[in-house]
Structure formats: structure tokens, C-alpha cells
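Peer 1: To start, I am sharing the structure in question, which I have written as C-alpha cells.
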Amino acid sequence: MRYGWLGIALGLALTAGCGSDEKPQTDREQIEAAATGYLKAAADGDGAEACRRLTAGAQKNLATTADADTCEEAIERFKDALPDEARDDMRNARVSKVTIDGTTAQVTIAGGNTETVEKSDDGWRVALFTGEVEFRSKAEGECITGGMTQFDDGGGDPFWQSEGRADFRDFIVATCRQADAKGLLNGAEPGPEFEKIAGRVILRMVRSGQIRDPR
């Protein structure tokens, strides 16, 4: 399911409801608690609790993409926009996989998206992507999150699925930023100019050795 900007840091990808008030001990338990606590709070419209579960970068990106002044305001808009069925989906989803790599973890649910959870001095917090990605505009944020959601759903060019999520993230961020700078993200379907930008980004990535030549 997709709900426009509501997909940011959500993707209906994680379960809600911790099932216990005890503080989780293992990294996996803490990661799942961060994810589930966030989704439950978001579904309930509890902006303070939901935003507490996000990294600082994710809070800022959520506000930017929702065209809100604060993360808490974005959560309120999120709650008002979601139908009851969507909130039920968030509460009933179940985490199917957690992959931990140092201070970063990828969390997936059956039939859902993949979300990044990062560890800081305050514990594990839900992030948007691995690494620092700061949205500069609402249109840019929608473009990037839309691309990442499509990737996590298994869609798009199979080339990127073989290259991996991190490389696709770098590609879609660079492409969306350049397209936004040229005023191409106006809600219409990507046109020839957008495709030209994407082609130039791919060429740069090939020449730098980051990805193989897709031809």
C-alpha cells in the first residue's frame, strides 16, 4: 500500500504494539521495540511518542515531506489522512526479518518494505535510509521515498535489485535532487528530461566504479 508522502519512514513496513512494558534487552528486541513503538504511536496520532522513536534526520524529513513545521504536526496530518483500514494494517503487521550490521539494522515484514533503524547514544531509532539523506523540498522527498518504496516492493529495473539497495538509494537521491532543481517534479509522470538526468547519474556512477555498466 502507498499513501503518498505518508510512506516516508513508514511504508506500512513495521509492526505496531510492543506486547510488553519491560525494557527490551537484546539489540533485536530494542530494534523491534523502536519500530513497533513508532508505528503504534503514529497510528494513534501521538506525535510526541512517534517522533521520539525517529532519528533527528527522519523527524526533519518527515516534516519536510508533509509540508509541516514540525515532526509532531506531520504525524497529526498522517493520522487524519489515513483510513481506518491503513491504521489496522499498521497495527497487525509483523516483523519478518531483522539484519543487524554494527549500528545499523534493516527491518522487513512479510509482504512489506524494508526500513532502516540506527543506533545512537539514545538507543535505536527509526531512520529513513542508511546514511545521511536530508530532503530539501517536499517534491524531492516524495520523489526519493516513492523510488525507495518501489524498490522495496521489488519493482523497477531488475538491474537495481541486483546492484543493491545502497546503490539504488544513491542513484534515486541524486536523480531526484537534480530533477527538483530543474523544476521537473511537478506531479506529472517522469518525462524525457527526467530520464536524461537519470542516465547521466548512472553514467557518473559507472565511471566512478560504484556500479557496473547496465548495458
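Chain identifiers are assigned as A, B, and so on, following the order in which chains appear in the C-alpha cells; residues are numbered from 1 within each chain, and ligands are numbered from 1 in order of appearance.
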Show me, as a list in words, the residues that have an atom within 6 Å of A:Arg125 when counting only C-alpha atoms, minus same-chain residues fewer than 2 positions from it.
Peer 2: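 My reading of the contact set: Ala34, Arg53, Leu54, Thr55, Val117 and Glu118 of chain A.
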Peer 1: Of the candidates A:Phe171, A:Asp84, A:Asp27, A:Met90, which one gets nearest to A:Lys40 if we count only C-alpha atoms?
Peer 2: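 Selected residue with least distance to A:Lys40: A:Met90.
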Peer 1: Give me, please, the distance in Å between atom CA of A:Cys51 and atom CA of A:Asp69, quoted to one decimal.
Peer 2: 13.2 Å
Peer 1: Tell me which of A:Thr108, A:Ala66, A:Ile31, A:Arg87 sits closest to A:Gly45, counting only C-alpha atoms.
Peer 2: A:Arg87
Peer 1: Taking only C-alpha atoms into account, name the residue in A:Met205, A:Val173, A:Val133, A:Cys143 that is nearest to A:Leu185.
Peer 2: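 The shortest atom-to-atom distance to A:Leu185 comes from A:Cys143.
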Peer 1: Name the closest residue to A:Thr116 among the candidates A:Arg77, A:Arg165, A:Arg52, A:Arg204; distances are taken between atoms, counting only C-alpha atoms.
Peer 2: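 Answer, going by the shortest atom-to-atom distance: A:Arg165.
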Peer 1: To one decimal place, how far is atom CA of A:Leu82 from atom CA of A:Ala42 in Å?
Peer 2: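 Interatomic distance here is 10.3 Å.
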Peer 1: Can you tell me how far atom CA of A:Ala81 sits from atom CA of A:Ala43, in Å to one decimal?
Peer 2: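 Taking atom CA of A:Ala81 and atom CA of A:Ala43, their separation equals 10.7 Å.
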Peer 1: Write out as a ChimeraX atom specification the set of residues from stretch 136-176 of chain A that DSSP, computed on the backbone, places in alpha helix (DSSP H).
Peer 2: /A:138-152,158-163,165-176
Peer 1: I need the strand (DSSP E or B) residues of stretch 87-148 of chain A per DSSP on the backbone, written as a short mmCIF file (atom, residue, chain, number, x, y, z; two decimals) with N, CA and C atoms, in the first residue's frame.
Peer 2:
data_model
loop_
_atom_site.label_atom_id
_atom_site.label_comp_id
_atom_site.auth_asym_id
_atom_site.auth_seq_id
_atom_site.Cartn_x
_atom_site.Cartn_y
_atom_site.Cartn_z
N VAL A 95 6.93 -8.16 12.01
CA VAL A 95 8.32 -8.13 11.53
C VAL A 95 8.73 -9.54 11.13
N SER A 96 9.27 -9.68 9.94
CA SER A 96 9.69 -11.00 9.47
C SER A 96 11.20 -11.17 9.47
N LYS A 97 11.95 -10.05 9.46
CA LYS A 97 13.40 -10.19 9.37
C LYS A 97 14.08 -8.95 9.94
N VAL A 98 15.13 -9.16 10.69
CA VAL A 98 15.98 -8.08 11.18
C VAL A 98 17.42 -8.44 10.86
N THR A 99 18.11 -7.59 10.13
CA THR A 99 19.52 -7.80 9.80
C THR A 99 20.32 -6.67 10.42
N ILE A 100 21.21 -7.01 11.34
CA ILE A 100 21.99 -6.02 12.08
C ILE A 100 23.41 -5.96 11.54
N ASP A 101 23.87 -4.75 11.25
CA ASP A 101 25.24 -4.53 10.78
C ASP A 101 25.83 -3.38 11.59
N THR A 104 23.63 -0.17 12.52
CA THR A 104 22.53 -0.04 11.57
C THR A 104 21.82 -1.38 11.42
N ALA A 105 20.52 -1.34 11.29
CA ALA A 105 19.75 -2.57 11.09
C ALA A 105 18.70 -2.34 9.99
N GLN A 106 18.45 -3.38 9.22
CA GLN A 106 17.39 -3.37 8.23
C GLN A 106 16.25 -4.24 8.74
N VAL A 107 15.04 -3.69 8.75
CA VAL A 107 13.87 -4.39 9.30
C VAL A 107 12.86 -4.58 8.19
N THR A 108 12.39 -5.80 8.03
CA THR A 108 11.45 -6.13 6.96
C THR A 108 10.26 -6.90 7.55
N ILE A 109 9.09 -6.71 6.94
CA ILE A 109 7.95 -7.54 7.30
C ILE A 109 7.53 -8.35 6.09
N THR A 114 11.28 -2.46 3.48
CA THR A 114 12.45 -2.52 4.35
C THR A 114 12.68 -1.14 4.93
N GLU A 115 12.89 -1.07 6.24
CA GLU A 115 13.18 0.20 6.89
C GLU A 115 14.51 0.11 7.62
N THR A 116 15.17 1.24 7.75
CA THR A 116 16.45 1.31 8.45
C THR A 116 16.23 1.79 9.88
N VAL A 117 16.88 1.12 10.81
CA VAL A 117 16.87 1.54 12.21
C VAL A 117 18.33 1.74 12.61
N GLU A 118 18.64 2.89 13.20
CA GLU A 118 20.02 3.23 13.54
C GLU A 118 20.20 3.41 15.04
N LYS A 119 21.39 3.05 15.53
CA LYS A 119 21.69 3.14 16.95
C LYS A 119 22.45 4.42 17.25
N SER A 120 22.02 5.12 18.29
CA SER A 120 22.69 6.33 18.73
C SER A 120 22.89 6.25 20.24
N GLY A 123 19.81 5.14 21.99
CA GLY A 123 19.24 3.85 21.64
C GLY A 123 18.92 3.75 20.17
N TRP A 124 18.15 2.76 19.80
CA TRP A 124 17.79 2.52 18.41
C TRP A 124 16.62 3.41 18.01
N ARG A 125 16.76 4.05 16.83
CA ARG A 125 15.73 4.94 16.32
C ARG A 125 15.46 4.63 14.85
N VAL A 126 14.21 4.77 14.44
CA VAL A 126 13.84 4.52 13.06
C VAL A 126 14.37 5.65 12.18
N ALA A 127 15.07 5.27 11.12
CA ALA A 127 15.60 6.25 10.17
C ALA A 127 14.93 6.02 8.82
#
Peer 1: Find the residue from A:Gly146, A:Arg94, A:Gly164, A:Glu72 that sits nearest to A:Gly187; use only C-alpha atoms when measuring.
Peer 2: A:Gly146
Peer 1: Give me, as a ChimeraX atom specification, all polymer residues having an atom no more than 10 Å from A:Gln178, counting only C-alpha atoms and skipping those fewer than 4 positions away in the same chain.
Peer 2: /A:140,172-174,182-185,194,197-198,201
Peer 1: Using only C-alpha atoms, can you tell me which of A:Glu193, A:Asp153, A:Met148, A:Ala50 comes closest to A:Thr36?
Peer 2: A:Ala50
